[in-house]
Amino acid sequence: MVPPPLTLMDELVEEILLRLPSDDPASLVRAALVCTRWCHFVSDTGFRRRFRMFHRTPPMLGIFNHIYRTKVSTFVRGGEARTSQRVVPNA
């Protein structure tokens with residue numbers, strides 16, 4: 001007889017999910033797609049409250065970079081803003 005697969009305790013799974021990076025909201029979505037149990041964890045209002053309290057500051061998803069000369073606005077994602085060129089205001 002084959003033993004049932006090991007399952008993690010609910011508290012342990014919640015602690016792991018709490019530590020997912022807050023600057024990548026898609027990580028919670030991907031975690032919710034693992035199984036229905038994890039989806040229930042992530043969609044629970046208490047979990048979302050603890051997630052916000054654990055990470056304290058809301059994630060910066062990005063910035064709008066507006067170039068006045070060309071009158072074009074572009075959205076720069078948060079991860080790209082750290083590695084992209086520095087924005088210098090016009091004098």
# chains A, B, ... in the order shown; residues from 1 in each chain; ligands from 1
>>> residues_around(residues="A:Phe47", least_positions_apart="2", cutoff="12 Å", atoms="only C-alpha atoms", output="ChimeraX atom specification")
/A:10-11,13-19,28,38-45,49-54
